[in-house]
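Below is final_11.cif, holding mmCIF, C-alpha atoms and all ligand atoms.
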```
data_entry
#
loop_
_atom_site.label_atom_id
_atom_site.label_comp_id
_atom_site.auth_asym_id
_atom_site.auth_seq_id
_atom_site.Cartn_x
_atom_site.Cartn_y
_atom_site.Cartn_z
CA MET A 1 -23.03 -12.07 19.49
CA THR A 2 -20.22 -13.12 21.78
CA THR A 3 -17.70 -10.69 20.34
CA ASP A 4 -15.78 -8.64 22.90
CA LEU A 5 -16.43 -5.05 21.84
CA SER A 6 -13.64 -3.57 23.92
CA ALA A 7 -11.15 -5.88 22.17
CA VAL A 8 -12.57 -4.82 18.81
CA LYS A 9 -12.14 -1.18 19.73
CA ALA A 10 -8.60 -1.75 20.96
CA ALA A 11 -7.68 -3.46 17.68
CA LEU A 12 -9.18 -0.59 15.68
CA LYS A 13 -7.24 1.97 17.71
CA ALA A 14 -4.03 0.03 17.16
CA GLN A 15 -4.41 -0.37 13.39
CA ALA A 16 -2.30 1.95 11.25
CA VAL A 17 -2.85 2.78 7.59
CA GLU A 18 0.08 4.16 5.62
CA THR A 19 -0.69 6.78 3.02
CA PRO A 20 1.36 7.17 -0.18
CA SER A 21 3.08 10.46 -0.96
CA TRP A 22 2.06 10.18 -4.61
CA ALA A 23 -1.66 10.13 -3.80
CA TYR A 24 -1.36 13.77 -2.64
CA GLY A 25 0.04 14.87 -6.00
CA ASN A 26 -1.62 15.22 -9.37
CA SER A 27 -2.32 12.08 -11.31
CA GLY A 28 -4.46 10.98 -14.19
CA THR A 29 -4.82 8.48 -16.95
CA ARG A 30 -2.68 8.33 -20.05
CA PHE A 31 -5.30 10.56 -21.65
CA LYS A 32 -5.12 13.56 -19.33
CA VAL A 33 -3.98 14.77 -15.95
CA PHE A 34 -6.49 17.22 -14.50
CA ALA A 35 -4.38 19.44 -12.27
CA GLN A 36 -5.95 20.48 -8.98
CA ALA A 37 -5.35 23.76 -7.18
CA GLY A 38 -3.39 23.59 -3.93
CA VAL A 39 -1.63 20.32 -4.72
CA PRO A 40 1.80 19.92 -3.05
CA ARG A 41 4.90 21.14 -4.83
CA THR A 42 7.45 19.37 -2.67
CA PRO A 43 7.77 16.21 -0.56
CA GLN A 44 7.46 18.46 2.50
CA GLU A 45 4.09 19.76 1.33
CA LYS A 46 2.93 16.18 0.75
CA LEU A 47 3.81 15.50 4.38
CA ASP A 48 1.87 18.60 5.44
CA ASP A 49 -1.20 17.11 3.76
CA ALA A 50 -0.54 13.64 5.17
CA ALA A 51 -0.42 15.21 8.64
CA ARG A 52 -4.01 16.40 8.12
CA VAL A 53 -5.11 12.85 7.24
CA HIS A 54 -3.49 11.60 10.44
CA GLU A 55 -4.90 14.50 12.47
CA PHE A 56 -8.47 13.68 11.47
CA THR A 57 -8.33 9.88 11.37
CA GLY A 58 -5.78 9.23 14.13
CA VAL A 59 -4.61 6.07 12.37
CA ALA A 60 -2.41 7.25 9.48
CA PRO A 61 0.94 7.98 11.12
CA THR A 62 3.28 6.94 8.30
CA VAL A 63 3.82 8.08 4.73
CA ALA A 64 5.36 6.01 1.95
CA LEU A 65 7.86 7.70 -0.32
CA HIS A 66 8.53 6.93 -3.99
CA ILE A 67 12.07 7.49 -5.20
CA PRO A 68 12.91 9.50 -7.29
CA TRP A 69 9.47 11.18 -7.21
CA ASP A 70 10.27 12.32 -3.65
CA ARG A 71 13.93 13.03 -4.19
CA VAL A 72 15.48 15.57 -1.82
CA GLU A 73 18.99 16.93 -2.24
CA GLY A 74 21.95 17.21 0.10
CA PRO A 75 23.82 14.80 2.36
CA THR A 76 21.23 15.13 5.13
CA GLY A 77 18.23 15.60 2.83
CA TYR A 78 16.38 12.40 3.78
CA ALA A 79 17.23 12.61 7.46
CA ASP A 80 15.92 16.19 7.38
CA LEU A 81 12.75 15.00 5.66
CA ALA A 82 12.30 12.40 8.39
CA SER A 83 12.68 15.17 11.01
CA TYR A 84 10.19 17.30 9.11
CA ALA A 85 7.76 14.37 9.26
CA GLY A 86 8.49 13.87 12.96
CA GLU A 87 7.70 17.51 13.74
CA ARG A 88 4.25 16.87 12.24
CA GLY A 89 3.60 13.70 14.19
CA LEU A 90 4.45 11.45 11.26
CA LYS A 91 7.09 8.90 10.34
CA LEU A 92 8.35 7.99 6.92
CA GLY A 93 7.16 4.57 5.85
CA ALA A 94 8.00 2.25 2.98
CA ILE A 95 10.50 3.41 0.42
CA ASN A 96 9.13 2.55 -3.01
CA SER A 97 11.78 2.14 -5.66
CA ASN A 98 11.16 3.36 -9.16
CA VAL A 99 13.00 1.55 -11.94
CA PHE A 100 10.32 2.06 -14.54
CA GLN A 101 10.54 5.65 -15.69
CA ASN A 102 13.83 5.97 -17.46
CA ASP A 103 14.54 5.42 -21.15
CA ASP A 104 17.13 2.81 -20.20
CA TYR A 105 14.39 0.57 -18.85
CA LYS A 106 12.58 0.00 -22.15
CA LEU A 107 13.46 -3.71 -22.06
CA GLY A 108 13.35 -3.98 -18.30
CA SER A 109 15.36 -3.01 -15.25
CA VAL A 110 16.85 -5.79 -13.09
CA ALA A 111 15.85 -8.42 -15.68
CA ASN A 112 17.13 -6.44 -18.64
CA PRO A 113 19.39 -8.43 -21.00
CA ASP A 114 22.00 -5.65 -20.81
CA PRO A 115 24.24 -5.99 -17.69
CA ARG A 116 24.90 -2.22 -17.64
CA ILE A 117 21.22 -1.49 -17.24
CA ARG A 118 20.80 -4.22 -14.64
CA ARG A 119 23.65 -2.62 -12.69
CA LYS A 120 22.02 0.80 -12.89
CA ALA A 121 18.68 -0.59 -11.68
CA THR A 122 20.24 -2.57 -8.83
CA ASP A 123 22.24 0.49 -7.78
CA HIS A 124 19.00 2.43 -7.54
CA LEU A 125 17.58 -0.24 -5.24
CA LEU A 126 20.71 -0.08 -3.10
CA ASP A 127 20.38 3.73 -2.99
CA CYS A 128 16.86 3.20 -1.69
CA VAL A 129 18.26 1.14 1.20
CA ASP A 130 20.63 4.04 1.96
CA ILE A 131 17.57 6.27 2.07
CA MET A 132 15.89 3.83 4.46
CA ASP A 133 18.92 4.07 6.73
CA ALA A 134 18.58 7.86 6.73
CA THR A 135 14.81 7.96 7.25
CA GLY A 136 14.45 5.03 9.63
CA SER A 137 12.11 3.32 7.16
CA GLN A 138 11.86 -0.42 7.57
CA ASP A 139 10.43 -1.49 4.25
CA LEU A 140 11.81 -1.43 0.75
CA LYS A 141 8.92 -1.94 -1.63
CA LEU A 142 9.85 -3.37 -4.98
CA TRP A 143 7.66 -3.34 -8.02
CA PHE A 144 9.13 -4.08 -11.41
CA ALA A 145 7.57 -3.13 -14.71
CA ASP A 146 9.85 -5.77 -16.24
CA GLY A 147 8.52 -8.19 -18.79
CA THR A 148 8.12 -8.78 -22.50
CA ASN A 149 5.51 -7.91 -25.06
CA TYR A 150 6.11 -10.67 -27.57
CA PRO A 151 6.78 -14.41 -27.38
CA GLY A 152 10.45 -14.96 -28.06
CA GLN A 153 11.41 -11.37 -27.21
CA ASP A 154 13.63 -12.58 -24.35
CA ASP A 155 14.26 -15.78 -22.45
CA ILE A 156 11.68 -16.13 -19.66
CA ALA A 157 13.88 -18.32 -17.44
CA ASP A 158 16.99 -16.16 -17.92
CA ARG A 159 14.99 -13.13 -16.88
CA GLN A 160 13.99 -14.91 -13.66
CA ALA A 161 17.65 -15.68 -12.99
CA ARG A 162 18.67 -12.03 -13.52
CA LEU A 163 15.87 -10.85 -11.28
CA GLY A 164 16.88 -13.32 -8.59
CA GLU A 165 20.48 -12.17 -8.74
CA ALA A 166 19.55 -8.51 -8.25
CA LEU A 167 17.16 -9.31 -5.43
CA ALA A 168 19.85 -11.34 -3.66
CA GLU A 169 22.33 -8.47 -3.87
CA VAL A 170 19.81 -6.03 -2.39
CA TYR A 171 18.71 -8.54 0.24
CA GLU A 172 22.32 -8.81 1.46
CA ARG A 173 22.40 -5.04 1.92
CA LEU A 174 19.33 -4.93 4.21
CA GLY A 175 19.88 -4.09 7.86
CA ASP A 176 18.58 -6.18 10.75
CA ASN A 177 15.29 -4.34 11.04
CA GLN A 178 14.70 -3.87 7.35
CA ARG A 179 12.54 -5.88 4.99
CA MET A 180 12.12 -6.23 1.28
CA LEU A 181 8.51 -6.35 0.09
CA LEU A 182 8.09 -7.79 -3.39
CA GLU A 183 4.98 -6.74 -5.27
CA TYR A 184 3.44 -8.64 -8.16
CA LYS A 185 1.12 -7.53 -10.93
CA PHE A 186 -0.35 -9.72 -13.62
CA PHE A 187 0.19 -7.38 -16.56
CA GLU A 188 0.98 -3.79 -17.57
CA PRO A 189 3.16 -2.34 -18.90
CA ALA A 190 4.34 -5.72 -20.17
CA PHE A 191 1.55 -7.50 -22.01
CA TYR A 192 2.93 -10.92 -22.94
CA ALA A 193 4.92 -11.97 -19.88
CA THR A 194 5.51 -10.00 -16.72
CA ASP A 195 8.53 -11.08 -14.67
CA VAL A 196 6.71 -10.93 -11.32
CA PRO A 197 3.14 -11.56 -12.44
CA ASP A 198 1.66 -13.37 -9.46
CA TRP A 199 2.00 -14.23 -5.80
CA GLY A 200 3.57 -17.59 -6.63
CA THR A 201 6.51 -15.99 -8.40
CA ALA A 202 6.91 -13.38 -5.69
CA TYR A 203 6.67 -16.07 -3.02
CA ALA A 204 9.26 -18.28 -4.74
CA HIS A 205 11.76 -15.40 -4.85
CA CYS A 206 11.05 -14.39 -1.25
CA LEU A 207 11.39 -17.95 -0.01
CA LYS A 208 14.78 -18.29 -1.63
CA LEU A 209 15.93 -14.91 -0.27
CA GLY A 210 15.05 -15.49 3.37
CA PRO A 211 12.87 -14.19 6.20
CA LYS A 212 13.44 -10.50 5.46
CA ALA A 213 11.75 -10.88 2.06
CA GLN A 214 7.97 -10.91 1.99
CA VAL A 215 5.21 -10.49 -0.56
CA VAL A 216 3.07 -7.38 -0.88
CA VAL A 217 -0.45 -7.77 -2.19
CA ASP A 218 -1.67 -4.85 -4.28
CA THR A 219 -5.40 -5.45 -4.41
CA GLY A 220 -5.61 -4.02 -7.95
CA HIS A 221 -3.05 -6.40 -9.42
CA HIS A 222 -5.11 -9.51 -10.10
CA ALA A 223 -7.19 -10.90 -12.92
CA PRO A 224 -10.93 -10.41 -12.48
CA GLY A 225 -12.45 -13.08 -10.30
CA THR A 226 -9.22 -13.88 -8.46
CA ASN A 227 -9.86 -14.94 -4.89
CA ILE A 228 -7.51 -12.45 -3.24
CA GLU A 229 -8.43 -13.46 0.30
CA PHE A 230 -7.23 -16.99 -0.44
CA ILE A 231 -3.84 -15.57 -1.40
CA VAL A 232 -3.83 -13.48 1.77
CA ALA A 233 -4.69 -16.45 3.99
CA THR A 234 -1.99 -18.57 2.37
CA LEU A 235 0.76 -15.95 2.58
CA LEU A 236 -0.11 -15.19 6.17
CA ARG A 237 0.10 -18.88 7.13
CA GLU A 238 3.51 -19.05 5.50
CA ASN A 239 4.74 -15.90 7.25
CA LYS A 240 5.22 -14.23 3.90
CA LEU A 241 2.54 -11.56 3.92
CA GLY A 242 4.50 -8.31 4.15
CA GLY A 243 1.54 -6.08 3.60
CA PHE A 244 -0.92 -4.51 1.22
CA ASP A 245 -1.09 -1.86 -1.41
CA PHE A 246 -4.78 -1.09 -1.02
CA ASN A 247 -6.91 0.37 -3.78
CA SER A 248 -9.91 -0.82 -5.71
CA ARG A 249 -10.55 -1.76 -9.28
CA PHE A 250 -13.38 -2.25 -11.69
CA TYR A 251 -11.24 -3.28 -14.66
CA ALA A 252 -7.45 -3.36 -14.29
CA ASP A 253 -5.01 -1.41 -12.11
CA ASP A 254 -7.56 1.37 -11.58
CA ASP A 255 -6.03 2.72 -8.34
CA LEU A 256 -9.42 3.94 -7.12
CA MET A 257 -10.28 4.38 -3.46
CA VAL A 258 -10.01 1.13 -1.50
CA GLY A 259 -13.39 -0.27 -0.62
CA ALA A 260 -15.16 1.75 -3.30
CA ALA A 261 -15.52 -0.86 -6.02
CA ASP A 262 -16.01 -3.92 -3.86
CA PRO A 263 -16.35 -3.36 -0.12
CA PHE A 264 -17.34 -7.01 0.34
CA GLN A 265 -14.03 -8.16 -1.12
CA LEU A 266 -12.20 -5.82 1.23
CA PHE A 267 -14.14 -7.30 4.15
CA ARG A 268 -13.26 -10.82 3.07
CA ILE A 269 -9.59 -9.85 2.85
CA MET A 270 -9.65 -8.20 6.26
CA TYR A 271 -11.43 -11.20 7.72
CA GLU A 272 -8.57 -13.47 6.61
CA VAL A 273 -6.05 -10.96 7.98
CA ALA A 274 -7.79 -10.85 11.36
CA ARG A 275 -8.39 -14.61 11.40
CA GLY A 276 -4.71 -15.26 10.68
CA GLY A 277 -3.47 -12.89 13.38
CA GLY A 278 -2.28 -10.28 10.87
CA LEU A 279 -3.67 -7.37 12.89
CA LYS A 280 -1.10 -8.02 15.60
CA ALA A 281 1.81 -5.64 15.28
CA GLU A 282 4.39 -8.42 15.62
CA THR A 283 3.29 -9.99 12.33
CA GLY A 284 4.42 -6.81 10.56
CA VAL A 285 1.57 -6.82 8.05
CA ALA A 286 1.62 -3.28 6.64
CA PHE A 287 -1.64 -1.68 5.54
CA MET A 288 -0.62 0.77 2.86
CA LEU A 289 -2.68 2.64 0.31
CA ASP A 290 -1.55 2.83 -3.31
CA GLN A 291 -4.06 5.07 -4.99
CA CYS A 292 -4.38 7.94 -7.41
CA HIS A 293 -7.10 10.53 -7.06
CA ASN A 294 -7.55 11.72 -10.60
CA ILE A 295 -10.85 13.56 -10.46
CA GLU A 296 -11.76 13.76 -6.77
CA ALA A 297 -10.28 16.03 -4.11
CA LYS A 298 -7.24 14.23 -2.82
CA ILE A 299 -7.07 14.74 0.94
CA PRO A 300 -10.72 13.92 1.69
CA ALA A 301 -10.43 10.92 -0.69
CA ILE A 302 -7.48 9.65 1.32
CA ILE A 303 -9.37 10.21 4.57
CA ARG A 304 -12.32 8.30 3.09
CA SER A 305 -9.99 5.47 2.04
CA VAL A 306 -8.54 5.16 5.53
CA MET A 307 -12.10 5.03 6.89
CA ASN A 308 -13.03 2.34 4.37
CA VAL A 309 -10.15 0.18 5.60
CA GLN A 310 -11.31 0.76 9.17
CA GLU A 311 -14.90 -0.18 8.32
CA ALA A 312 -13.85 -3.43 6.66
CA THR A 313 -11.57 -4.17 9.62
CA ALA A 314 -14.30 -3.46 12.14
CA LYS A 315 -16.70 -5.80 10.33
CA ALA A 316 -14.02 -8.49 10.13
CA LEU A 317 -13.45 -8.17 13.88
CA LEU A 318 -17.17 -8.52 14.53
CA VAL A 319 -17.34 -12.00 13.02
CA ASP A 320 -18.53 -14.25 15.82
CA ALA A 321 -15.69 -16.75 15.79
CA ASP A 322 -17.40 -19.29 18.05
CA THR A 323 -20.61 -19.37 16.03
CA LEU A 324 -18.65 -19.57 12.79
CA ARG A 325 -16.39 -22.36 14.02
CA ALA A 326 -19.34 -24.38 15.37
CA ALA A 327 -21.21 -24.05 12.08
CA GLN A 328 -18.12 -24.99 10.09
CA GLN A 329 -17.42 -28.02 12.18
CA SER A 330 -20.98 -29.28 12.07
CA GLY A 331 -21.03 -28.78 8.31
CA ASP A 332 -23.78 -26.17 8.50
CA VAL A 333 -23.04 -24.28 5.32
CA LEU A 334 -25.80 -21.73 5.67
CA GLU A 335 -25.11 -20.89 9.30
CA ALA A 336 -21.41 -20.53 8.59
CA ASN A 337 -22.08 -18.20 5.72
CA ALA A 338 -24.62 -16.31 7.84
CA ALA A 339 -22.01 -15.78 10.56
CA LEU A 340 -19.81 -13.94 8.07
CA MET A 341 -22.69 -12.06 6.47
CA ASP A 342 -24.07 -10.91 9.84
CA ALA A 343 -20.79 -9.20 10.53
CA TYR A 344 -20.52 -7.76 7.03
CA ASN A 345 -24.05 -6.39 7.21
CA THR A 346 -23.46 -4.64 10.52
CA ASP A 347 -23.37 -0.87 10.32
CA VAL A 348 -20.04 -0.20 12.03
CA ARG A 349 -20.09 3.55 11.57
CA PRO A 350 -21.45 4.24 15.08
CA LEU A 351 -18.76 1.96 16.56
CA LEU A 352 -16.03 3.77 14.64
CA ALA A 353 -17.48 7.14 15.67
CA GLU A 354 -17.16 5.99 19.29
CA VAL A 355 -13.60 4.80 18.70
CA ARG A 356 -12.70 8.23 17.31
CA GLU A 357 -14.34 10.05 20.19
CA GLU A 358 -12.43 7.89 22.63
CA LEU A 359 -9.26 8.92 20.80
CA GLY A 360 -10.26 12.57 21.18
CA LEU A 361 -11.11 12.92 17.49
CA ASP A 362 -14.10 14.25 15.64
CA PRO A 363 -16.41 11.29 14.88
CA ASP A 364 -16.71 12.47 11.27
CA PRO A 365 -13.18 12.92 9.85
CA VAL A 366 -14.26 14.11 6.40
CA ALA A 367 -16.55 16.79 7.82
CA ALA A 368 -13.86 17.83 10.31
CA TYR A 369 -11.33 18.16 7.50
CA LYS A 370 -13.73 20.22 5.41
CA ALA A 371 -14.43 22.52 8.36
CA SER A 372 -10.73 22.94 9.10
CA GLY A 373 -10.09 25.37 6.24
CA TRP A 374 -7.00 23.44 5.11
CA ALA A 375 -8.26 23.05 1.53
CA GLU A 376 -8.77 26.81 1.20
CA LYS A 377 -5.41 27.53 2.83
CA ILE A 378 -3.38 25.36 0.46
CA ILE A 379 -5.20 26.72 -2.58
CA ALA A 380 -4.32 30.26 -1.46
CA GLU A 381 -0.73 29.53 -0.44
CA ARG A 382 0.55 26.96 -2.92
CA VAL A 383 0.86 29.16 -5.93
CA GLY A 384 3.91 29.21 -8.16
CA GLY A 385 6.41 26.42 -8.45
CA GLU A 386 5.61 23.13 -10.05
CA GLN A 387 2.98 20.86 -8.58
CA ALA A 388 4.08 17.38 -7.73
CA GLY A 389 2.51 14.60 -9.66
CA TRP A 390 2.64 10.91 -10.50
CA GLY A 391 5.74 10.56 -12.58
CA ALA A 392 7.02 14.07 -11.88
C1 LIG B 401 2.45 -0.45 -10.01
O1 LIG B 401 1.24 -0.51 -10.72
C2 LIG B 401 2.22 0.07 -8.62
O2 LIG B 401 1.14 -0.59 -8.01
C3 LIG B 401 3.46 -0.01 -7.78
O3 LIG B 401 3.14 -0.20 -6.42
C4 LIG B 401 4.04 1.35 -7.99
O4 LIG B 401 4.96 1.71 -7.00
C5 LIG B 401 2.81 2.19 -7.95
O5 LIG B 401 1.85 1.43 -8.67
C6 LIG B 401 2.95 3.54 -8.56
O6 LIG B 401 1.73 4.22 -8.57
MN MN B 402 1.15 -0.97 -5.87
MN MN B 403 -0.54 -0.72 -9.34
#
```

Write the structure described by the file as structure tokens, please.
Amino acid sequence: MTTDLSAVKAALKAQAVETPSWAYGNSGTRFKVFAQAGVPRTPQEKLDDAARVHEFTGVAPTVALHIPWDRVEGPTGYADLASYAGERGLKLGAINSNVFQNDDYKLGSVANPDPRIRRKATDHLLDCVDIMDATGSQDLKLWFADGTNYPGQDDIADRQARLGEALAEVYERLGDNQRMLLEYKFFEPAFYATDVPDWGTAYAHCLKLGPKAQVVVDTGHHAPGTNIEFIVATLLRENKLGGFDFNSRFYADDDLMVGAADPFQLFRIMYEVARGGGLKAETGVAFMLDQCHNIEAKIPAIIRSVMNVQEATAKALLVDADTLRAAQQSGDVLEANAALMDAYNTDVRPLLAEVREELGLDPDPVAAYKASGWAEKIIAERVGGEQAGWGA
């Protein structure tokens, strides 16, 4: 192998994985939420837990918020929350807007046929940009549950026009260092036509909006068999890959731990990211988790997820580019495939253990977390009040 190990290590030390506030709270399926003891009751307690993930992994310095799930009151509420994060070695990351949990949004939010409801939804998005100003967050993440359940229910093209209008208004409001990340999802909760169902639709809107609008790829938002790495490679080439919502899926939008269902797919995605230069900070590709830990302990699951991203990244970085390129150019199909598989089949855990030791961390973050006593402490202390949860 001709790969420069010190460069691989440097890239792994520089990579950052953003954790989502909602993954620390209770979640479940539509059948049942199994509440866990010690779960945060406030956005501040979510940050306390996120600080543990960063403490033990060293690469999770930012936390995404979801508004209004993480609403804080008062004129300086969000600035105070950002300071609270700062005191714990964290920064607030993407602000995720929520225009899908209000009775008004039954027929959609920004694509709703009723102008009053569109106004309300767009105002919420603008409020989210105000929050970004207060927290120093750079990314506004937009996911819309908008769509229709029945053919004829609403005009597909008109809905695109309404969506475009709202996006343009919010785009105008963005500051110089702020971006809008548009997320797509092929179905759910709309089952006939979703208004942003795929990367093509998201890309078309972002292209029209301008350079501050980019696409976010949620790995759980594709039909089975979709070649996600192809989408990643294409968006990256076009400078439109804003980042990822990482999770893994067996069936639909399962929101399971990234790298659990299909670590090979995650490797292929990370290979295209690395190959396209997306690990360089200046490309702005954000590696975010969007997961729910319904039955497993949340903090160690998030630590595990961060490690899974690191393992896939490490393997992607180990691909011997010269060997691969030579095989590709000479048309040697098997050697080219072998170059990728050699990297994928490498056990990178010792390399990552070394990287952690060089960062002054325990080589085994899950074991270190378990030994820290934090789980016992939060179970003892977080009694009373209402636990935070998905949708709370
Ligand atoms: C929608 O399924 C989604 O992936 C969006 O990113 C939301 O913000 C998130 O899930 C909520 O869990
Ligand atoms: Mn998502
Ligand atoms: Mn999702």

Which residues come within 12 Å of stretch 319-334 of chain A, counting only C-alpha atoms, excluding same-chain residues fewer than 6 positions away, as a PyMOL selection string?
-> chain A and resi 1-5+8+267-268+270-272+274-275+312-313+340-346

For each of A:Ala145, A:Ile269, A:Val72, A:Val129, take the minimum atom-to-atom distance to ligand LIG 401 (chain B), counting all atoms listed in the file, then give the residue where this is smallest.
-> A:Ala145

Closest to ligand MN 402 (chain B) among A:Asp364, A:Glu238, A:Glu183, A:Asp347, using only C-alpha atoms and all ligand atoms?
-> A:Glu183

Between A:Val366, A:Leu351, A:Leu209, A:Leu182, which one has atoms that come closest to A:Val196, using all atoms listed in the file?
->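 Once distances to A:Val196 are computed over all atoms listed in the file, the minimum belongs to A:Leu182.
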
Protein and nucleic acid residues within 9 Å of ligand MN 402 (chain B) (all atoms listed in the file) as a PyMOL selection string = chain A and resi 141+143+183-185+216-221+244-247+253+255+289-291

Residue with smallest distance to A:Gln138 - pool A:Gly284, A:Pro20, A:Gly152, A:Ser83, counting all atoms listed in the file |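 Residue with the minimum atom-to-atom distance to A:Gln138: A:Gly284.
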
If you count only C-alpha atoms, which residues fall within 8 Å of A:Tyr78, apart from same-chain ones fewer than 5 positions away, as a list in words?
->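 Neighbouring residues, sequence-local ones excluded: Val72, Glu73, Ile131, Ala134 and Thr135 of chain A.
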
Please supply stretch 79-99 of chain A, rebuilt with N, CA and C atoms, as a CSV table (one decimal), in the frame of the given file.
```csv
chain,number,residue,atom,x,y,z
A,79,ALA,N,17.3,12.5,6.0
A,79,ALA,CA,17.2,12.6,7.5
A,79,ALA,C,16.4,13.9,7.8
A,80,ASP,N,16.7,15.0,7.1
A,80,ASP,CA,15.9,16.2,7.4
A,80,ASP,C,14.4,16.0,7.1
A,81,LEU,N,14.2,15.2,6.0
A,81,LEU,CA,12.8,15.0,5.7
A,81,LEU,C,12.1,14.2,6.8
A,82,ALA,N,12.8,13.2,7.3
A,82,ALA,CA,12.3,12.4,8.4
A,82,ALA,C,12.0,13.3,9.6
A,83,SER,N,12.9,14.3,9.9
A,83,SER,CA,12.7,15.2,11.0
A,83,SER,C,11.5,16.0,10.7
A,84,TYR,N,11.4,16.5,9.5
A,84,TYR,CA,10.2,17.3,9.1
A,84,TYR,C,8.9,16.5,9.4
A,85,ALA,N,8.9,15.2,9.0
A,85,ALA,CA,7.8,14.4,9.3
A,85,ALA,C,7.5,14.3,10.8
A,86,GLY,N,8.6,14.0,11.5
A,86,GLY,CA,8.5,13.9,13.0
A,86,GLY,C,7.9,15.1,13.6
A,87,GLU,N,8.3,16.3,13.1
A,87,GLU,CA,7.7,17.5,13.7
A,87,GLU,C,6.2,17.6,13.5
A,88,ARG,N,5.7,16.9,12.5
A,88,ARG,CA,4.2,16.9,12.2
A,88,ARG,C,3.5,15.6,12.7
A,89,GLY,N,4.2,14.9,13.6
A,89,GLY,CA,3.6,13.7,14.2
A,89,GLY,C,3.6,12.5,13.3
A,90,LEU,N,4.4,12.5,12.2
A,90,LEU,CA,4.4,11.4,11.3
A,90,LEU,C,5.8,10.8,11.3
A,91,LYS,N,5.8,9.6,10.6
A,91,LYS,CA,7.1,8.9,10.3
A,91,LYS,C,7.1,8.6,8.9
A,92,LEU,N,8.3,8.4,8.3
A,92,LEU,CA,8.4,8.0,6.9
A,92,LEU,C,8.2,6.5,6.9
A,93,GLY,N,7.4,6.0,5.9
A,93,GLY,CA,7.2,4.6,5.8
A,93,GLY,C,8.0,3.9,4.8
A,94,ALA,N,7.3,3.0,4.0
A,94,ALA,CA,8.0,2.2,3.0
A,94,ALA,C,8.7,3.2,1.9
A,95,ILE,N,9.8,2.7,1.5
A,95,ILE,CA,10.5,3.4,0.4
A,95,ILE,C,10.2,2.6,-0.8
A,96,ASN,N,9.5,3.2,-1.8
A,96,ASN,CA,9.1,2.6,-3.0
A,96,ASN,C,10.2,2.9,-4.1
A,97,SER,N,10.8,1.9,-4.6
A,97,SER,CA,11.8,2.1,-5.7
A,97,SER,C,11.1,2.3,-7.0
A,98,ASN,N,11.7,3.1,-7.8
A,98,ASN,CA,11.2,3.4,-9.2
A,98,ASN,C,12.2,3.1,-10.2
A,99,VAL,N,12.1,1.9,-10.8
A,99,VAL,CA,13.0,1.6,-11.9
A,99,VAL,C,12.1,1.3,-13.2
```
